$ cat coords-v8.cif   # mmCIF, C-alpha atoms
data_coords
loop_
_atom_site.label_atom_id
_atom_site.label_comp_id
_atom_site.auth_asym_id
_atom_site.auth_seq_id
_atom_site.Cartn_x
_atom_site.Cartn_y
_atom_site.Cartn_z
CA MET A 70 6.17 -29.81 21.40
CA GLY A 71 8.27 -29.10 18.31
CA SER A 72 11.16 -31.04 16.88
CA PRO A 73 14.77 -30.31 17.91
CA GLY A 74 15.31 -28.83 14.44
CA THR A 75 12.43 -26.39 14.92
CA ALA A 76 13.76 -25.38 18.32
CA GLU A 77 17.17 -24.74 16.79
CA ILE A 78 15.62 -22.47 14.13
CA TYR A 79 13.72 -20.57 16.82
CA ILE A 80 16.89 -20.10 18.88
CA HIS A 81 18.70 -18.84 15.79
CA GLY A 82 15.86 -16.39 15.13
CA VAL A 83 16.06 -15.02 18.67
CA ARG A 84 19.83 -14.64 18.38
CA ARG A 85 19.41 -12.73 15.08
CA PHE A 86 16.77 -10.45 16.61
CA ILE A 87 18.94 -9.61 19.61
CA GLN A 88 21.84 -8.78 17.30
CA PHE A 89 19.48 -6.58 15.25
CA LEU A 90 18.78 -4.65 18.48
CA GLY A 91 22.52 -4.06 18.81
CA LEU A 92 22.80 -6.29 21.87
CA GLU A 93 24.49 -9.57 22.78
CA ASP A 94 22.85 -10.66 26.04
CA PRO A 95 19.24 -11.92 25.76
CA GLU A 96 18.63 -11.11 29.45
CA GLU A 97 19.62 -7.49 28.83
CA ALA A 98 17.27 -7.39 25.82
CA LEU A 99 14.40 -8.78 27.93
CA ALA A 100 15.00 -6.20 30.66
CA LYS A 101 14.92 -3.32 28.18
CA ILE A 102 11.77 -4.67 26.53
CA ARG A 103 10.02 -5.07 29.90
CA SER A 104 11.00 -1.56 31.00
CA GLY A 105 9.76 -0.04 27.74
CA GLU A 106 13.23 1.20 26.78
CA ILE A 107 12.86 -0.96 23.67
CA ASP A 108 9.53 -0.75 21.83
CA ALA A 109 9.22 -4.45 21.01
CA LEU A 110 6.37 -4.16 18.49
CA ARG A 111 8.11 -1.47 16.50
CA GLN A 112 11.47 -3.25 16.56
CA ILE A 113 9.97 -6.59 15.51
CA ASP A 114 8.25 -4.89 12.59
CA ARG A 115 11.55 -3.29 11.55
CA TYR A 116 13.34 -6.62 12.04
CA ILE A 117 10.94 -8.36 9.63
CA ASP A 118 11.62 -5.73 6.93
CA TYR A 119 15.37 -6.07 7.48
CA ALA A 120 15.38 -9.88 7.52
CA LEU A 121 13.34 -10.12 4.30
CA THR A 122 16.18 -8.39 2.45
CA LYS A 123 18.54 -11.21 3.43
CA ASN A 124 16.47 -14.37 3.88
CA ALA A 125 13.61 -16.30 2.30
CA HIS A 126 10.08 -15.48 3.45
CA LYS A 127 9.61 -18.87 5.11
CA THR A 128 12.88 -18.52 7.04
CA VAL A 129 11.95 -15.06 8.32
CA ARG A 130 8.52 -16.33 9.32
CA ASN A 131 10.15 -19.08 11.42
CA TYR A 132 12.58 -16.58 12.97
CA VAL A 133 9.68 -14.35 14.05
CA PHE A 134 7.78 -17.32 15.52
CA GLY A 135 10.93 -18.04 17.54
CA VAL A 136 10.99 -14.47 18.88
CA LYS A 137 7.30 -14.77 19.76
CA LYS A 138 7.85 -18.04 21.67
CA TRP A 139 10.86 -16.58 23.47
CA LEU A 140 8.95 -13.49 24.62
CA GLU A 141 5.84 -15.42 25.68
CA THR A 142 7.92 -17.96 27.61
CA ASN A 143 9.47 -15.06 29.52
CA GLY A 144 6.13 -13.44 30.30
CA VAL A 145 6.23 -10.65 27.68
CA LEU A 146 2.82 -10.52 25.96
CA LEU A 147 2.47 -8.31 22.90
CA GLU A 148 -0.40 -7.41 20.57
CA TRP A 149 0.85 -9.62 17.75
CA ARG A 150 -2.22 -8.82 15.65
CA LYS A 151 -0.58 -5.44 15.00
CA ILE A 152 2.40 -7.14 13.35
CA GLU A 153 2.11 -7.93 9.65
CA MET A 154 3.76 -11.33 9.42
CA PRO A 155 5.67 -12.32 6.28
CA THR A 156 4.00 -14.84 4.00
CA ALA A 157 5.24 -18.41 4.07
CA THR A 158 6.34 -18.27 0.43
CA GLU A 159 7.77 -15.45 -1.64
CA VAL A 160 5.78 -14.08 -4.56
CA TYR A 161 7.90 -14.35 -7.67
CA GLU A 162 5.64 -12.36 -9.97
CA ARG A 163 6.94 -8.89 -10.76
CA ASP A 164 4.84 -5.87 -11.60
CA LYS A 165 5.27 -2.12 -11.74
CA ALA A 166 3.33 1.08 -11.63
CA PRO A 167 2.60 2.37 -15.15
CA SER A 168 4.20 5.60 -16.26
CA LYS A 169 2.07 8.48 -17.49
CA GLU A 170 3.14 7.70 -21.05
CA GLU A 171 1.93 4.11 -20.64
CA LEU A 172 -1.36 5.34 -19.20
CA LYS A 173 -1.77 7.62 -22.21
CA MET A 174 -1.27 4.62 -24.48
CA LEU A 175 -3.90 2.64 -22.57
CA LEU A 176 -6.36 5.53 -22.77
CA HIS A 177 -5.66 5.97 -26.47
CA HIS A 178 -6.57 2.33 -27.15
CA ALA A 179 -9.59 2.27 -24.82
CA ARG A 180 -12.63 1.96 -27.09
CA SER A 181 -15.28 3.60 -24.94
CA ALA A 182 -15.91 6.42 -22.50
CA ARG A 183 -16.56 3.76 -19.87
CA ASP A 184 -13.14 2.16 -20.21
CA ARG A 185 -11.35 5.51 -20.18
CA ALA A 186 -13.28 6.53 -17.07
CA VAL A 187 -12.42 3.28 -15.27
CA ILE A 188 -8.69 3.64 -16.00
CA LEU A 189 -8.59 7.27 -14.85
CA ILE A 190 -10.65 6.57 -11.71
CA LEU A 191 -8.47 3.62 -10.65
CA ALA A 192 -5.27 5.58 -11.30
CA SER A 193 -6.40 8.68 -9.38
CA SER A 194 -8.35 7.12 -6.50
CA GLY A 195 -6.45 4.03 -5.33
CA LEU A 196 -9.67 2.00 -5.37
CA ARG A 197 -9.61 -1.74 -5.89
CA ILE A 198 -11.31 -2.81 -9.11
CA GLY A 199 -13.82 -4.94 -7.19
CA THR A 200 -14.78 -1.98 -5.01
CA LEU A 201 -15.16 0.35 -8.01
CA LEU A 202 -17.45 -2.10 -9.81
CA SER A 203 -19.64 -2.42 -6.69
CA LEU A 204 -20.28 1.33 -6.42
CA THR A 205 -23.49 3.13 -7.33
CA VAL A 206 -23.87 6.59 -8.83
CA GLY A 207 -25.04 7.82 -5.43
CA ASP A 208 -21.66 6.91 -3.94
CA VAL A 209 -20.04 9.78 -5.88
CA ASN A 210 -20.23 13.40 -4.75
CA PHE A 211 -19.63 15.75 -7.68
CA ASP A 212 -20.27 18.92 -5.65
CA TYR A 213 -16.70 20.20 -5.66
CA PRO A 214 -15.22 22.77 -8.05
CA ASP A 215 -12.39 20.47 -9.08
CA VAL A 216 -12.40 16.89 -7.71
CA ALA A 217 -15.16 14.38 -6.98
CA ARG A 218 -15.40 12.32 -3.80
CA ILE A 219 -16.16 8.59 -3.77
CA ASN A 220 -17.68 7.13 -0.61
CA VAL A 221 -17.17 3.47 0.29
CA TRP A 222 -19.33 1.89 2.99
CA ARG A 223 -18.81 -1.56 4.45
CA LYS A 224 -21.03 -3.99 2.53
CA LYS A 225 -20.90 -7.25 0.67
CA GLY A 226 -18.51 -7.25 -2.28
CA ARG A 227 -16.17 -4.62 -0.83
CA LYS A 228 -12.85 -5.40 0.81
CA PHE A 229 -12.58 -4.14 4.39
CA THR A 230 -10.04 -5.47 6.85
CA SER A 231 -11.67 -7.60 9.54
CA ARG A 232 -12.63 -5.87 12.77
CA LYS A 233 -10.20 -7.93 14.84
CA LEU A 234 -7.31 -6.52 12.77
CA GLY A 235 -8.25 -2.93 13.45
CA GLY A 236 -10.52 -2.16 10.48
CA GLY A 237 -13.75 -1.95 12.42
CA GLY A 238 -15.15 1.24 10.88
CA ARG A 239 -17.97 1.42 8.40
CA PHE A 240 -16.75 4.04 5.97
CA TYR A 241 -13.80 5.36 4.02
CA CYS A 242 -13.57 7.58 0.99
CA THR A 243 -11.23 8.74 -1.71
CA PHE A 244 -11.14 11.40 -4.42
CA ILE A 245 -10.61 11.51 -8.18
CA THR A 246 -8.79 14.14 -10.21
CA PRO A 247 -10.58 16.76 -12.32
CA GLU A 248 -9.80 14.85 -15.52
CA ALA A 249 -11.17 11.60 -14.05
CA LYS A 250 -14.26 13.45 -12.87
CA GLN A 251 -14.79 14.87 -16.35
CA ALA A 252 -14.35 11.42 -17.93
CA LEU A 253 -16.88 9.92 -15.50
CA GLN A 254 -19.42 12.68 -16.15
CA GLN A 255 -19.03 12.21 -19.90
CA TYR A 256 -19.60 8.47 -19.50
CA LEU A 257 -22.77 9.03 -17.46
CA LYS A 258 -24.08 11.49 -20.07
CA GLU A 259 -23.48 8.94 -22.83
CA ARG A 260 -25.46 6.35 -20.89
CA GLU A 261 -28.36 8.75 -20.54
CA ALA A 262 -28.17 9.63 -24.22
CA LYS A 263 -28.56 5.91 -25.00
CA GLY A 264 -31.79 5.82 -23.03
CA GLU A 265 -30.65 4.54 -19.65
CA LYS A 266 -32.51 6.07 -16.71
CA ILE A 267 -29.80 6.77 -14.15
CA THR A 268 -30.65 7.06 -10.46
CA ALA A 269 -28.58 7.16 -7.27
CA GLU A 270 -28.94 3.36 -7.09
CA SER A 271 -27.68 2.76 -10.65
CA PRO A 272 -24.30 1.03 -11.02
CA LEU A 273 -21.51 3.54 -11.41
CA ILE A 274 -19.97 1.25 -14.05
CA THR A 275 -22.27 -0.92 -16.15
CA ASP A 276 -21.98 -3.20 -19.18
CA ALA A 277 -21.17 -2.08 -22.70
CA TYR A 278 -24.87 -1.99 -23.64
CA CYS A 279 -25.85 0.43 -20.84
CA THR A 280 -28.49 -1.92 -19.43
CA GLY A 281 -27.98 -0.67 -15.88
CA LYS A 282 -26.57 -3.97 -14.62
CA PHE A 283 -23.52 -4.44 -12.42
CA ILE A 284 -20.56 -6.13 -14.10
CA THR A 285 -18.03 -8.49 -12.56
CA VAL A 286 -14.30 -8.05 -12.14
CA GLU A 287 -13.78 -10.86 -14.67
CA ASP A 288 -15.90 -9.00 -17.23
CA TRP A 289 -13.81 -5.85 -17.03
CA GLN A 290 -10.53 -7.77 -16.76
CA ARG A 291 -11.16 -9.19 -20.22
CA VAL A 292 -11.72 -5.66 -21.54
CA TYR A 293 -8.58 -4.37 -19.80
CA TYR A 294 -6.39 -7.15 -21.18
CA ARG A 295 -7.64 -6.41 -24.70
CA ILE A 296 -6.57 -2.80 -24.17
CA LEU A 297 -3.15 -3.94 -22.93
CA ARG A 298 -2.64 -6.05 -26.03
CA ALA A 299 -3.83 -3.32 -28.39
CA ALA A 300 -1.42 -0.86 -26.75
CA GLY A 301 1.48 -3.33 -26.95
CA LEU A 302 1.83 -3.31 -23.17
CA ASP A 303 0.96 -6.95 -22.54
CA LYS A 304 4.39 -8.01 -21.29
CA LYS A 305 4.19 -10.72 -18.62
CA SER A 306 6.32 -11.50 -15.59
CA ARG A 307 5.43 -15.19 -15.33
CA ARG A 308 1.70 -15.67 -15.35
CA TRP A 309 0.70 -12.07 -14.65
CA TYR A 310 0.86 -9.04 -16.87
CA MET A 311 3.43 -6.51 -15.63
CA LEU A 312 0.75 -3.82 -15.90
CA HIS A 313 -2.15 -5.81 -14.46
CA ILE A 314 -5.19 -3.98 -13.08
CA HIS A 315 -3.76 -3.71 -9.57
CA SER A 316 -0.80 -1.74 -10.98
CA LEU A 317 -3.17 1.23 -11.45
CA ARG A 318 -3.61 1.23 -7.68
CA LYS A 319 0.16 1.10 -7.42
CA PHE A 320 0.37 4.18 -9.67
CA PHE A 321 -1.87 6.03 -7.24
CA ARG A 322 0.20 5.10 -4.21
CA SER A 323 3.52 6.06 -5.78
CA ASN A 324 2.19 9.39 -7.10
CA CYS A 325 0.69 10.73 -3.89
CA VAL A 326 3.72 13.01 -3.73
CA GLY A 327 3.96 15.20 -0.64
CA VAL A 328 0.85 13.64 0.93
CA ASP A 329 0.74 12.62 4.58
CA PRO A 330 0.90 8.77 4.43
CA SER A 331 -1.96 8.36 6.90
CA TYR A 332 -4.33 10.12 4.49
CA ARG A 333 -3.09 8.14 1.52
CA GLU A 334 -3.62 4.85 3.36
CA PHE A 335 -7.12 5.94 4.37
CA TRP A 336 -8.03 6.69 0.72
CA MET A 337 -6.75 3.26 -0.27
CA GLY A 338 -8.90 1.56 2.37
CA HIS A 339 -6.00 0.03 4.25
CA LYS A 340 -6.43 -1.48 7.70
CA GLY A 341 -7.01 0.73 10.70
CA GLY A 342 -8.05 3.78 8.70
CA TYR A 343 -11.82 3.53 8.62
CA LEU A 344 -14.11 6.09 10.19
CA ASP A 345 -17.73 6.92 10.70
CA GLU A 346 -18.96 9.40 8.10
CA SER A 347 -19.94 11.91 10.78
CA TYR A 348 -16.33 12.01 12.01
CA PHE A 349 -15.01 12.35 8.46
CA ARG A 350 -17.02 15.54 7.82
CA ALA A 351 -14.93 17.41 10.37
CA GLU A 352 -11.76 16.08 8.76
CA GLU A 353 -12.75 16.70 5.14
CA PRO A 354 -10.98 20.08 4.65
CA ARG A 355 -7.66 18.48 5.59
CA HIS A 356 -8.34 15.49 3.31
CA LEU A 357 -9.05 17.84 0.41
CA ALA A 358 -5.92 19.88 1.09
CA GLU A 359 -3.78 16.72 1.16
CA TYR A 360 -5.33 15.24 -1.98
CA ARG A 361 -4.92 18.48 -3.95
CA LYS A 362 -1.17 18.29 -3.35
CA ALA A 363 -1.12 15.11 -5.45
CA ILE A 364 -3.37 16.26 -8.32
CA PRO A 365 -0.50 17.38 -10.61
CA TYR A 366 1.22 14.00 -10.13
CA LEU A 367 -1.94 11.91 -10.58
CA THR A 368 -3.15 13.80 -13.66
CA VAL A 369 -2.31 12.00 -16.90
CA TYR A 370 -3.12 14.70 -19.44
CA ARG A 371 -2.10 18.09 -18.19
CA ALA A 372 -1.76 21.45 -19.95
CA GLU A 373 1.80 22.48 -19.18
CA ALA A 374 1.12 26.19 -18.95
CA ASP A 375 -2.11 26.65 -17.06
CA GLU A 376 -3.40 23.79 -14.97
CA SER A 377 -1.52 24.46 -11.74
CA TRP A 378 -2.38 28.14 -11.41
CA LYS A 379 -6.02 27.44 -12.24
CA MET A 380 -6.09 24.93 -9.39
CA ALA A 381 -4.51 27.53 -7.10
CA ILE A 382 -7.20 30.11 -7.94
CA LYS A 383 -9.91 27.52 -7.28
CA ALA A 384 -8.36 26.75 -3.90
CA ILE A 385 -8.44 30.45 -2.97
CA ALA A 386 -12.07 30.68 -4.06
CA MET A 387 -12.97 27.77 -1.80
CA MET A 388 -11.21 29.39 1.16
CA GLN A 389 -13.31 32.50 0.58
CA ASN A 390 -16.52 30.40 0.63
CA LEU A 391 -17.83 32.00 -2.55
CA PRO A 392 -21.52 31.31 -3.20
CA GLU A 393 -22.42 28.54 -5.63
CA GLU A 394 -23.27 30.89 -8.49
CA LYS A 395 -19.91 32.61 -8.22
CA LEU A 396 -18.07 29.27 -8.19
CA ARG A 397 -19.84 28.35 -11.41
CA ALA A 398 -18.87 31.72 -12.87
CA LEU A 399 -15.27 31.08 -11.84
CA GLU A 400 -15.33 27.71 -13.65
CA GLU A 401 -16.39 29.51 -16.83
CA ILE A 402 -13.71 32.15 -16.40
CA LEU A 403 -10.95 29.56 -16.00
CA ALA A 404 -12.24 27.53 -18.92
CA ARG A 405 -11.88 30.46 -21.32
CA SER A 406 -8.77 32.09 -19.80
CA LYS A 407 -5.55 31.44 -21.66
CA VAL A 408 -3.15 33.37 -19.43
CA MET A 409 -2.93 33.76 -15.68
CA ASP A 410 -3.23 37.56 -15.55
CA GLU A 411 -6.52 37.47 -17.44
CA ALA A 412 -7.96 34.92 -15.00
CA ILE A 413 -6.78 36.92 -11.97
CA ARG A 414 -8.39 40.13 -13.27
CA GLU A 415 -11.71 38.33 -13.75
CA PHE A 416 -11.43 36.60 -10.40
CA ARG A 417 -10.98 39.91 -8.59
CA LYS A 418 -14.39 40.98 -9.84
CA LEU A 419 -15.94 37.94 -8.15
CA GLN A 420 -14.32 38.49 -4.79
CA GLU A 421 -16.63 39.61 -2.02
CA GLN A 422 -15.79 41.44 1.17
CA PRO A 423 -12.46 41.16 3.01
CA ASN A 424 -11.86 37.75 4.55
CA ASN A 425 -9.76 37.82 7.75
CA GLY A 426 -7.13 40.02 6.16
CA ARG A 427 -5.63 37.30 3.98
CA GLU A 428 -3.62 38.53 1.02
CA PHE A 429 -2.42 36.34 -1.85
CA ARG A 430 0.27 37.11 -4.37
CA VAL A 431 1.90 35.34 -7.32
CA VAL A 432 5.60 36.07 -7.81
CA GLN A 433 8.05 34.89 -10.43
CA GLY A 434 11.63 33.80 -9.86
CA GLU A 435 13.54 32.44 -6.90
CA GLU A 436 14.89 35.87 -5.94
CA ALA A 437 11.38 37.33 -5.63
CA LEU A 438 10.27 34.24 -3.67
CA LEU A 439 13.10 34.58 -1.12
CA LYS A 440 12.44 38.32 -0.78
CA HIS A 441 8.78 37.73 0.08
CA LEU A 442 9.56 34.87 2.47
CA ARG A 443 11.87 37.20 4.39
CA GLU A 444 9.04 39.74 4.55
CA GLY A 445 6.68 37.29 6.21
CA TRP A 446 4.89 35.72 3.25
CA GLU A 447 4.11 31.97 3.23
CA LEU A 448 4.55 29.69 0.21
CA MET A 449 1.22 28.01 -0.65
CA LYS A 450 1.97 26.35 -3.98
CA GLU A 451 4.69 26.14 -6.61
CA LEU A 452 3.25 26.96 -10.03
CA ASN A 453 4.62 26.41 -13.52
CA HIS A 454 7.20 28.59 -15.24
CA ASP A 455 9.09 29.50 -12.05
CA LYS A 456 6.03 31.13 -10.41
CA TYR A 457 4.89 30.80 -6.81
CA LEU A 458 1.59 31.41 -5.00
CA LEU A 459 2.13 33.15 -1.65
CA LYS A 460 -0.13 34.03 1.31
CA LYS A 461 0.26 36.69 3.97
CA ILE A 462 -1.84 37.31 7.07
CA GLN A 463 -2.13 41.03 7.69
CA GLY A 464 -4.66 43.81 8.15
CA GLY A 465 -6.69 44.95 5.19
CA SER A 466 -8.64 43.18 2.50
CA GLN A 467 -7.92 39.91 0.74
CA SER A 468 -6.54 40.32 -2.73
CA LEU A 469 -4.78 38.41 -5.45
CA SER A 470 -1.98 40.04 -7.39
CA THR A 471 1.03 39.22 -9.52
CA GLU A 472 4.55 40.57 -9.27
CA TYR A 473 7.43 39.82 -11.66
#

$ encode --input "coords-v8.cif" --output "structure tokens"
Amino acid sequence: MGSPGTAEIYIHGVRRFIQFLGLEDPEEALAKIRSGEIDALRQIDRYIDYALTKNAHKTVRNYVFGVKKWLETNGVLLEWRKIEMPTATEVYERDKAPSKEELKMLLHHARSARDRAVILILASSGLRIGTLLSLTVGDVNFDYPDVARINVWRKKGRKFTSRKLGGGGRFYCTFITPEAKQALQQYLKEREAKGEKITAESPLITDAYCTGKFITVEDWQRVYYRILRAAGLDKKSRRWYMLHIHSLRKFFRSNCVGVDPSYREFWMGHKGGYLDESYFRAEEPRHLAEYRKAIPYLTVYRAEADESWKMAIKAIAMMQNLPEEKLRALEEILARSKVMDEAIREFRKLQEQPNNGREFRVVQGEEALLKHLREGWELMKELNHDKYLLKKIQGGSQSLSTEY
């Protein structure tokens, strides 16, 4: 039904795809696709990425349509909905993830606790601004010793991929760093101090007058752009600011260092990653473990000497299932402790009975680390100042010690 020119483009696209597979004969390619020797979906997806580095978006789109027609004509039916097709036109706007120094400048010029909280939440959660502004206070779970969890259910005003594209679940969640949690709690306290009665149904982010009303994306965009200008970071690509609001989400994605990509994509609400909340509860310990890997990279303001080992001690406390009152006591201990040894001594006093024979040790220096690894210890976390947190499964009680 197409023109001869369109047919020629399709043929050229098929020829390019076959060459990408490392073959010359289209019949041989078809045979290998039919037999399953070539995973067609995976190879087409890789072909699109490769072709976009050499051709315009519209050209690649036409090439892929040619491959699709060729396969369908020869009786090969694929789930094309699983392929992310290139857009018809290339986006010429350029942006970038902000550095931590740029985030510090934005936070310095943010006028209110609300604006600082929004910046830190977006940078440490991967949430879209529209989703954040649709949340209520009840969507946040503060009942963790370090992070807070934000729950996102499918509802009007929140971006979920359509069910036909594999995003049929009702729920996803993400986390925020300890500093973002603290900023959010401070903001909520300020609202209460101004007379606002906050309930679980109250907007998580409200207007500047604390009237308890939801605000729009456009409202907060105007605030954000004022902050950009005040910080001298209002450089534009063409029409967009280089550090537009979505770049905070980009900061999150690029700083989930060491995190399993499937967890990161789930936290960002990308397609195919949604669950029912009941299923998530069983998975939560793994989600927390993965997110905590990224905390040092997502944290904007960080005490160079103490933050990482404090987080390590908290992680051990959670593994021991300390009662709530002891977790609160641990928070107080870490808040006043200036050196690691002092915190460890106090933490020992809180420890209860032996827990499955797990022993923890902090060692300093690469030589000590290698020695302990040879002796059967396992590296749990790299701390500051050339120190390492190790774990060993053996008989006896669980303890925490240091060795230099």

$ closest_residue --input "coords-v8.cif" --among "A:Leu297, A:Ile364, A:Arg291, A:Gly82" --to "A:Val326" --atoms "only C-alpha atoms"
A:Ile364

$ resolve_selection --input "coords-v8.cif" --expression "the PyMOL selection byres ((chain A and resi 331-336) around 7)" --output "list of chain:residue names"
A:Gly195, A:Tyr241, A:Cys242, A:Thr243, A:Val328, A:Asp329, A:Pro330, A:Met337, A:Gly338, A:His339, A:Gly342, A:Tyr343, A:His356

$ closest_residue --input "coords-v8.cif" --among "A:Trp446, A:Phe134, A:Tyr213, A:Tyr310" --to "A:Ile245" --atoms "all atoms listed in the file"
A:Tyr213

$ resolve_selection --input "coords-v8.cif" --expression "the PyMOL selection byres ((chain A and resi 250) around 10)" --output "PyMOL selection string"
chain A and resi 186+189-190+193+209+211+215-218+244-249+251-256

$ atom_distance --input "coords-v8.cif" --atom1 "atom CA of A:Val369" --atom2 "atom CA of A:Ala192"
9.0 Å

$ resolve_selection --input "coords-v8.cif" --expression "the PyMOL selection byres ((chain A and resi 99) around 10)" --output "list of chain:residue names"
A:Ile87, A:Asp94, A:Pro95, A:Glu96, A:Glu97, A:Ala98, A:Ala100, A:Lys101, A:Ile102, A:Arg103, A:Ser104, A:Gly105, A:Ile107, A:Ala109, A:Trp139, A:Leu140, A:Asn143, A:Gly144, A:Val145

$ atom_distance --input "coords-v8.cif" --atom1 "atom CA of A:His81" --atom2 "atom CA of A:Arg115"
17.6 Å

$ atom_distance --input "coords-v8.cif" --atom1 "atom CA of A:Tyr278" --atom2 "atom CA of A:Asp184"
12.9 Å
